[in-house]
>>> print(open('final_11.cif').read())   # mmCIF, C-alpha atoms
data_upload
loop_
_atom_site.group_PDB
_atom_site.id
_atom_site.type_symbol
_atom_site.label_atom_id
_atom_site.label_comp_id
_atom_site.auth_asym_id
_atom_site.auth_seq_id
_atom_site.Cartn_x
_atom_site.Cartn_y
_atom_site.Cartn_z
ATOM 1 C CA MET L 29 -164.278 -108.647 53.546
ATOM 2 C CA ALA L 30 -168.069 -108.355 53.822
ATOM 3 C CA ASN L 31 -169.526 -111.098 56.004
ATOM 4 C CA ILE L 32 -172.910 -111.802 57.525
ATOM 5 C CA THR L 33 -173.648 -114.475 60.109
ATOM 6 C CA LEU L 34 -177.130 -115.934 60.427
ATOM 7 C CA TYR L 35 -178.813 -118.312 62.851
ATOM 8 C CA GLU L 36 -181.581 -120.652 61.761
ATOM 9 C CA LEU L 37 -184.560 -119.242 63.681
ATOM 10 C CA SER L 38 -186.480 -122.333 64.862
ATOM 11 C CA ASN L 39 -183.302 -123.854 66.306
ATOM 12 C CA TYR L 40 -182.324 -120.462 67.774
ATOM 13 C CA ASN L 41 -185.717 -120.253 69.525
ATOM 14 C CA ASN L 42 -185.096 -123.751 70.951
ATOM 15 C CA SER L 43 -181.665 -122.700 72.351
ATOM 16 C CA LYS L 44 -179.704 -124.482 69.613
ATOM 17 C CA LEU L 45 -177.291 -122.082 67.981
ATOM 18 C CA ILE L 46 -176.579 -123.153 64.430
ATOM 19 C CA PRO L 47 -174.716 -120.242 62.825
ATOM 20 C CA ARG L 48 -173.592 -119.834 59.245
ATOM 21 C CA THR L 49 -171.284 -117.068 58.072
ATOM 22 C CA PHE L 50 -171.545 -116.032 54.438
ATOM 23 C CA ASN L 51 -168.737 -114.245 52.597
ATOM 24 C CA LEU L 52 -170.657 -111.664 50.572
ATOM 25 C CA ASP L 53 -167.598 -110.838 48.468
ATOM 26 C CA ALA L 54 -168.173 -114.193 46.746
ATOM 27 C CA ILE L 55 -171.877 -113.511 46.075
ATOM 28 C CA ASP L 56 -172.691 -111.104 43.243
ATOM 29 C CA SER L 57 -176.473 -110.754 43.240
ATOM 30 C CA ARG L 58 -179.630 -111.097 45.268
ATOM 31 C CA GLU L 59 -180.491 -114.213 43.269
ATOM 32 C CA GLU L 60 -177.173 -115.866 44.209
ATOM 33 C CA TRP L 61 -177.779 -114.823 47.836
ATOM 34 C CA LEU L 62 -181.228 -116.422 47.892
ATOM 35 C CA VAL L 63 -179.852 -119.631 46.358
ATOM 36 C CA ALA L 64 -177.092 -119.791 49.004
ATOM 37 C CA ILE L 65 -179.649 -119.281 51.786
ATOM 38 C CA HIS L 66 -181.951 -121.942 50.325
ATOM 39 C CA LYS L 67 -179.086 -124.466 50.083
ATOM 40 C CA TRP L 68 -178.083 -123.784 53.699
ATOM 41 C CA MET L 69 -181.676 -124.153 54.940
ATOM 42 C CA GLN L 70 -182.138 -127.374 52.961
ATOM 43 C CA ALA L 71 -178.911 -128.827 54.371
ATOM 44 C CA LEU L 72 -180.030 -127.920 57.911
ATOM 45 C CA THR L 73 -183.427 -129.519 57.349
ATOM 46 C CA ASP L 74 -181.697 -132.705 56.173
ATOM 47 C CA GLN L 75 -179.276 -132.599 59.116
ATOM 48 C CA THR L 76 -181.769 -131.835 61.921
ATOM 49 C CA HIS L 77 -184.807 -133.639 60.456
ATOM 50 C CA GLU L 78 -186.815 -130.511 61.285
ATOM 51 C CA LEU L 79 -188.141 -127.977 58.818
ATOM 52 C CA CYS L 80 -185.690 -125.057 58.682
ATOM 53 C CA GLU L 81 -187.033 -122.110 56.749
ATOM 54 C CA GLU L 82 -186.400 -118.920 58.721
ATOM 55 C CA ARG L 83 -183.270 -117.094 59.757
ATOM 56 C CA ILE L 84 -182.131 -114.218 61.929
ATOM 57 C CA VAL L 85 -179.083 -111.996 61.516
ATOM 58 C CA CYS L 86 -176.687 -112.243 64.438
ATOM 59 C CA ASP L 87 -173.626 -110.404 63.129
ATOM 60 C CA HIS L 88 -172.261 -108.567 60.123
ATOM 61 C CA GLU L 89 -168.962 -107.026 59.087
ATOM 62 C CA ASP L 90 -168.097 -104.465 56.390
ATOM 63 C CA ILE L 91 -171.762 -103.992 55.440
ATOM 64 C CA PRO L 92 -173.350 -100.604 56.140
ATOM 65 C CA ALA L 93 -175.865 -101.066 58.955
ATOM 66 C CA SER L 94 -178.589 -99.443 56.863
ATOM 67 C CA TYR L 95 -178.530 -102.515 54.585
ATOM 68 C CA VAL L 96 -178.852 -105.097 57.367
ATOM 69 C CA GLY L 97 -182.260 -106.022 58.722
ATOM 70 C CA GLU L 98 -183.274 -108.336 61.520
ATOM 71 C CA HIS L 99 -183.789 -111.304 59.196
ATOM 72 C CA ASP L 100 -182.046 -110.478 55.923
ATOM 73 C CA ILE L 101 -180.021 -108.054 53.828
ATOM 74 C CA ASP L 102 -181.893 -105.202 52.179
ATOM 75 C CA PRO L 103 -182.341 -105.980 48.450
ATOM 76 C CA HIS L 104 -180.678 -102.625 47.650
ATOM 77 C CA TYR L 105 -177.420 -103.913 49.155
ATOM 78 C CA TRP L 106 -176.630 -105.569 45.834
ATOM 79 C CA ASP L 107 -176.872 -102.192 44.019
ATOM 80 C CA TYR L 108 -174.522 -100.777 46.668
ATOM 81 C CA LYS L 109 -172.069 -103.681 46.210
ATOM 82 C CA GLN L 110 -172.112 -103.296 42.414
ATOM 83 C CA ALA L 111 -171.478 -99.537 42.697
ATOM 84 C CA VAL L 112 -168.546 -100.062 45.080
ATOM 85 C CA ASP L 113 -167.030 -102.786 42.893
ATOM 86 C CA GLY L 114 -167.258 -100.563 39.792
ATOM 87 C CA SER L 115 -165.965 -97.347 41.341
ATOM 88 C CA TYR L 116 -162.574 -95.716 41.689
ATOM 89 C CA LEU L 117 -163.665 -94.527 45.166
ATOM 90 C CA ASP L 118 -162.893 -96.469 48.321
ATOM 91 C CA ALA L 119 -165.666 -98.485 49.997
ATOM 92 C CA SER L 120 -165.478 -96.149 53.026
ATOM 93 C CA VAL L 121 -166.841 -93.336 50.817
ATOM 94 C CA PHE L 122 -169.859 -95.477 49.907
ATOM 95 C CA GLU L 123 -170.361 -96.442 53.556
ATOM 96 C CA ALA L 124 -170.369 -92.746 54.520
ATOM 97 C CA ALA L 125 -172.823 -91.994 51.706
ATOM 98 C CA ALA L 126 -175.128 -94.795 52.887
ATOM 99 C CA GLU L 127 -175.226 -93.186 56.344
ATOM 100 C CA LEU L 128 -176.439 -89.990 54.657
ATOM 101 C CA ASP L 129 -179.069 -91.908 52.626
ATOM 102 C CA ILE L 130 -177.318 -91.155 49.338
ATOM 103 C CA GLU L 131 -178.114 -93.723 46.667
ATOM 104 C CA PRO L 132 -175.060 -95.712 45.482
ATOM 105 C CA ASP L 133 -175.424 -94.546 41.869
ATOM 106 C CA MET L 134 -175.158 -90.890 43.000
ATOM 107 C CA VAL L 135 -172.027 -91.199 45.179
ATOM 108 C CA GLU L 136 -169.397 -90.363 42.560
ATOM 109 C CA GLU L 137 -171.342 -87.311 41.394
ATOM 110 C CA LEU L 138 -172.011 -85.915 44.885
ATOM 111 C CA TYR L 139 -168.704 -86.729 46.597
ATOM 112 C CA GLN L 140 -166.677 -83.642 47.497
ATOM 113 C CA GLY L 141 -163.677 -85.194 49.248
ATOM 114 C CA GLU L 142 -162.366 -85.991 52.694
ATOM 115 C CA TYR L 143 -161.631 -83.230 55.216
ATOM 116 C CA ASP L 144 -160.736 -83.042 58.911
ATOM 117 C CA ASN L 145 -163.622 -80.711 59.752
ATOM 118 C CA ASP L 146 -166.287 -78.400 58.312
ATOM 119 C CA GLU L 147 -164.006 -75.354 58.487
ATOM 120 C CA ASP L 148 -161.317 -77.034 56.365
ATOM 121 C CA PHE L 149 -164.016 -78.022 53.876
ATOM 122 C CA ALA L 150 -165.357 -74.429 53.740
ATOM 123 C CA TYR L 151 -161.839 -73.014 53.255
ATOM 124 C CA GLN L 152 -161.136 -75.490 50.424
ATOM 125 C CA MET L 153 -164.442 -74.646 48.733
ATOM 126 C CA THR L 154 -163.600 -70.939 48.957
ATOM 127 C CA ASP L 155 -160.218 -71.611 47.381
ATOM 128 C CA GLU L 156 -161.681 -73.776 44.577
ATOM 129 C CA LEU L 157 -164.327 -71.183 43.776
ATOM 130 C CA GLY L 158 -161.651 -68.470 43.565
ATOM 131 C CA SER L 159 -163.400 -66.464 46.261
ATOM 132 C CA ALA L 160 -160.170 -65.716 48.122
ATOM 133 C CA PRO L 161 -157.431 -63.716 46.369
ATOM 134 C CA GLU L 162 -154.207 -65.677 45.759
ATOM 135 C CA GLY L 163 -151.164 -64.652 47.721
ATOM 136 C CA TYR L 164 -153.090 -62.633 50.299
ATOM 137 C CA SER L 165 -153.767 -63.637 53.866
ATOM 138 C CA TRP L 166 -156.487 -61.002 54.037
ATOM 139 C CA PRO L 167 -159.523 -61.437 53.921
ATOM 140 C CA THR L 168 -159.209 -65.170 54.626
ATOM 141 C CA SER L 169 -157.473 -64.467 57.940
ATOM 142 C CA CYS L 170 -160.469 -62.349 58.989
ATOM 143 C CA ILE L 171 -163.243 -64.739 58.037
ATOM 144 C CA ASP L 172 -165.154 -66.556 60.749
ATOM 145 C CA TRP L 173 -164.652 -70.024 59.230
ATOM 146 C CA THR L 174 -166.948 -71.648 61.783
ATOM 147 C CA ALA L 175 -169.845 -69.430 60.671
ATOM 148 C CA ALA L 176 -168.910 -69.846 56.998
ATOM 149 C CA ALA L 177 -168.811 -73.632 57.434
ATOM 150 C CA CYS L 178 -172.180 -73.594 59.217
ATOM 151 C CA ASP L 179 -173.779 -71.776 56.270
ATOM 152 C CA LEU L 180 -172.062 -74.018 53.714
ATOM 153 C CA MET L 181 -173.151 -77.213 55.480
ATOM 154 C CA MET L 182 -176.793 -76.362 54.785
ATOM 155 C CA ASP L 183 -176.162 -77.830 51.307
ATOM 156 C CA TYR L 184 -173.659 -80.551 52.243
ATOM 157 C CA GLY L 185 -173.474 -83.584 54.508
ATOM 158 C CA GLU L 186 -170.570 -85.232 56.296
ATOM 159 C CA SER L 187 -169.998 -88.755 57.567
ATOM 160 C CA GLY L 188 -166.678 -90.157 58.733
ATOM 161 C CA GLY L 189 -164.818 -87.139 57.320
ATOM 162 C CA HIS L 190 -166.328 -87.640 53.860
ATOM 163 C CA TYR L 191 -168.288 -84.700 52.414
ATOM 164 C CA PHE L 192 -171.151 -84.871 49.927
ATOM 165 C CA ARG L 193 -173.406 -82.361 48.226
ATOM 166 C CA THR L 194 -176.861 -83.144 49.621
ATOM 167 C CA SER L 195 -178.954 -80.415 47.986
ATOM 168 C CA TYR L 196 -179.664 -81.931 44.609
#
>>> encode(input="final_11.cif", output="structure tokens")
Amino acid sequence: MANITLYELSNYNNSKLIPRTFNLDAIDSREEWLVAIHKWMQALTDQTHELCEERIVCDHEDIPASYVGEHDIDPHYWDYKQAVDGSYLDASVFEAAAELDIEPDMVEELYQGEYDNDEDFAYQMTDELGSAPEGYSWPTSCIDWTAAACDLMMDYGESGGHYFRTSY
């Protein structure tokens, strides 16, 4: 569940902690987000009899850090959320892609799979490309897979065990 907790800034600066946690799974767009924030700020203004118009992020959960700023969520978060909701891939794949600065609409095209390490990824790529003869342990038993993986990773990126083509 994607959550973000905010403090109202003027009260925060005056040592009054007034937090509000928003469930982002229930919010589908930036417009809905801005309406929810406005309603919260208006309710606080009515409650405290002080103008409440600024906020600060104090915590977030299940939102890639690259989409969370000091005062708000990056507007591109909503593109990310829509891509995750419409994909057959798990959200962890999109989170890994975000760490590699891959745009949400490119994730499905660039995703290569999940592997334990670069060497396993290089071996699998060799197998898929038909570069190693079937049924033979040679030459695959003689290949320096660490060096092969190092060369291969020039065109790929990894985050959390998820591999993506990054040379596009």
>>> atom_distance(input="final_11.cif", atom1="CA of Tyr151 in chain L", atom2="CA of Cys170 in chain L")
12.2 Å
>>> resolve_selection(input="final_11.cif", expression="the PyMOL selection byres ((chain L and resi 182) around 12)", output="mmCIF file with C-alpha atoms, in the coordinates of the input")
data_model
loop_
_atom_site.group_PDB
_atom_site.id
_atom_site.type_symbol
_atom_site.label_atom_id
_atom_site.label_comp_id
_atom_site.auth_asym_id
_atom_site.auth_seq_id
_atom_site.Cartn_x
_atom_site.Cartn_y
_atom_site.Cartn_z
ATOM 1 C CA ASP L 146 -166.287 -78.400 58.312
ATOM 2 C CA ALA L 150 -165.357 -74.429 53.740
ATOM 3 C CA ALA L 175 -169.845 -69.430 60.671
ATOM 4 C CA ALA L 176 -168.910 -69.846 56.998
ATOM 5 C CA ALA L 177 -168.811 -73.632 57.434
ATOM 6 C CA CYS L 178 -172.180 -73.594 59.217
ATOM 7 C CA ASP L 179 -173.779 -71.776 56.270
ATOM 8 C CA LEU L 180 -172.062 -74.018 53.714
ATOM 9 C CA MET L 181 -173.151 -77.213 55.480
ATOM 10 C CA ASP L 183 -176.162 -77.830 51.307
ATOM 11 C CA TYR L 184 -173.659 -80.551 52.243
ATOM 12 C CA GLY L 185 -173.474 -83.584 54.508
ATOM 13 C CA GLU L 186 -170.570 -85.232 56.296
ATOM 14 C CA PHE L 192 -171.151 -84.871 49.927
ATOM 15 C CA ARG L 193 -173.406 -82.361 48.226
ATOM 16 C CA THR L 194 -176.861 -83.144 49.621
ATOM 17 C CA SER L 195 -178.954 -80.415 47.986
ATOM 18 C CA TYR L 196 -179.664 -81.931 44.609
#
>>> atom_distance(input="final_11.cif", atom1="CA of Glu123 in chain L", atom2="CA of Arg58 in chain L")
19.2 Å
>>> atom_distance(input="final_11.cif", atom1="CA of Leu72 in chain L", atom2="CA of Asn39 in chain L")
9.9 Å
>>> closest_residue(input="final_11.cif", among="L:Met69, L:Ala124, L:Val85, L:Met134", to="Asp107 in chain L", atoms="only C-alpha atoms")
L:Met134
>>> closest_residue(input="final_11.cif", among="L:Asp172, L:Leu45, L:Val63, L:His190", to="Ala119 in chain L", atoms="all atoms listed in the file")
L:His190
>>> closest_residue(input="final_11.cif", among="L:His99, L:Asp118, L:Lys67, L:Lys109", to="Glu131 in chain L", atoms="all atoms listed in the file")
L:Lys109
>>> residues_around(input="final_11.cif", residues="Asn51 in chain L", least_positions_apart="3", cutoff="9 Å", atoms="all atoms listed in the file", output="PDB file with C-alpha atoms, in the frame of the given file")
ATOM      1  CA  MET L  29    -164.278-108.647  53.546  1.00  0.00           C
ATOM      2  CA  ALA L  30    -168.069-108.355  53.822  1.00  0.00           C
ATOM      3  CA  ASN L  31    -169.526-111.098  56.004  1.00  0.00           C
ATOM      4  CA  ILE L  32    -172.910-111.802  57.525  1.00  0.00           C
ATOM      5  CA  THR L  33    -173.648-114.475  60.109  1.00  0.00           C
ATOM      6  CA  ALA L  54    -168.173-114.193  46.746  1.00  0.00           C
ATOM      7  CA  ILE L  55    -171.877-113.511  46.075  1.00  0.00           C
TER       8      ILE L  55
END
>>> resolve_selection(input="final_11.cif", expression="the PyMOL selection byres ((chain L and resi 103) around 12)", output="list of chain:residue names")
L:Ser57, L:Arg58, L:Glu59, L:Glu60, L:Trp61, L:Leu62, L:Ser94, L:Tyr95, L:Val96, L:Gly97, L:Asp100, L:Ile101, L:Asp102, L:His104, L:Tyr105, L:Trp106, L:Asp107, L:Tyr108, L:Lys109
>>> closest_residue(input="final_11.cif", among="L:Val112, L:Leu117, L:Leu128, L:Met153", to="Asp53 in chain L", atoms="only C-alpha atoms")
L:Val112
>>> residues_around(input="final_11.cif", residues="Tyr40 in chain L", least_positions_apart="4", cutoff="12 Å", atoms="all atoms listed in the file", output="PyMOL selection string")
chain L and resi 34-36+44-47+80+82-86
>>> write_last_selection(input="final_11.cif", atoms="C-alpha atoms", output="short mmCIF file (atom, residue, chain, number, x, y, z; two decimals), in the frame of the given file")
data_model
loop_
_atom_site.label_atom_id
_atom_site.label_comp_id
_atom_site.auth_asym_id
_atom_site.auth_seq_id
_atom_site.Cartn_x
_atom_site.Cartn_y
_atom_site.Cartn_z
CA LEU L 34 -177.13 -115.93 60.43
CA TYR L 35 -178.81 -118.31 62.85
CA GLU L 36 -181.58 -120.65 61.76
CA LYS L 44 -179.70 -124.48 69.61
CA LEU L 45 -177.29 -122.08 67.98
CA ILE L 46 -176.58 -123.15 64.43
CA PRO L 47 -174.72 -120.24 62.82
CA CYS L 80 -185.69 -125.06 58.68
CA GLU L 82 -186.40 -118.92 58.72
CA ARG L 83 -183.27 -117.09 59.76
CA ILE L 84 -182.13 -114.22 61.93
CA VAL L 85 -179.08 -112.00 61.52
CA CYS L 86 -176.69 -112.24 64.44
#
>>> resolve_selection(input="final_11.cif", expression="the PyMOL selection byres ((chain L and resi 140) around 6)", output="list in words")
Tyr139, Gly141, Tyr191 and Phe192 of chain L
>>> residues_around(input="final_11.cif", residues="Ala125 in chain L", least_positions_apart="4", cutoff="8 Å", atoms="only C-alpha atoms", output="PyMOL selection string")
chain L and resi 121+129-132+135+187+192
>>> closest_residue(input="final_11.cif", among="L:Phe122, L:Ala111, L:Glu81, L:Gly189", to="Glu147 in chain L", atoms="all atoms listed in the file")
L:Gly189
>>> build_atoms(input="final_11.cif", residues="range 130-142 of chain L", atoms="N, CA and C atoms", output="short mmCIF file (atom, residue, chain, number, x, y, z; two decimals), in the frame of the given file")
data_model
loop_
_atom_site.label_atom_id
_atom_site.label_comp_id
_atom_site.auth_asym_id
_atom_site.auth_seq_id
_atom_site.Cartn_x
_atom_site.Cartn_y
_atom_site.Cartn_z
N ILE L 130 -177.63 -91.47 50.74
CA ILE L 130 -177.32 -91.16 49.34
C ILE L 130 -177.29 -92.47 48.57
N GLU L 131 -178.03 -92.52 47.49
CA GLU L 131 -178.11 -93.72 46.67
C GLU L 131 -176.74 -94.04 46.08
N PRO L 132 -176.38 -95.33 45.99
CA PRO L 132 -175.06 -95.71 45.48
C PRO L 132 -174.73 -95.14 44.10
N ASP L 133 -175.71 -95.03 43.21
CA ASP L 133 -175.42 -94.55 41.87
C ASP L 133 -175.18 -93.04 41.82
N MET L 134 -175.37 -92.34 42.94
CA MET L 134 -175.16 -90.89 43.00
C MET L 134 -173.86 -90.51 43.72
N VAL L 135 -173.18 -91.48 44.33
CA VAL L 135 -172.03 -91.20 45.18
C VAL L 135 -170.91 -90.48 44.43
N GLU L 136 -170.51 -90.98 43.28
CA GLU L 136 -169.40 -90.36 42.56
C GLU L 136 -169.72 -88.93 42.16
N GLU L 137 -170.95 -88.66 41.81
CA GLU L 137 -171.34 -87.31 41.39
C GLU L 137 -171.39 -86.34 42.58
N LEU L 138 -171.80 -86.80 43.74
CA LEU L 138 -172.01 -85.92 44.88
C LEU L 138 -170.81 -85.81 45.82
N TYR L 139 -169.85 -86.71 45.68
CA TYR L 139 -168.70 -86.73 46.60
C TYR L 139 -167.83 -85.50 46.40
N GLN L 140 -167.48 -84.86 47.52
CA GLN L 140 -166.68 -83.64 47.50
C GLN L 140 -165.26 -83.83 48.04
N GLY L 141 -165.01 -84.93 48.72
CA GLY L 141 -163.68 -85.19 49.25
C GLY L 141 -163.70 -85.49 50.74
N GLU L 142 -162.52 -85.67 51.27
CA GLU L 142 -162.37 -85.99 52.69
C GLU L 142 -161.63 -84.84 53.37
#
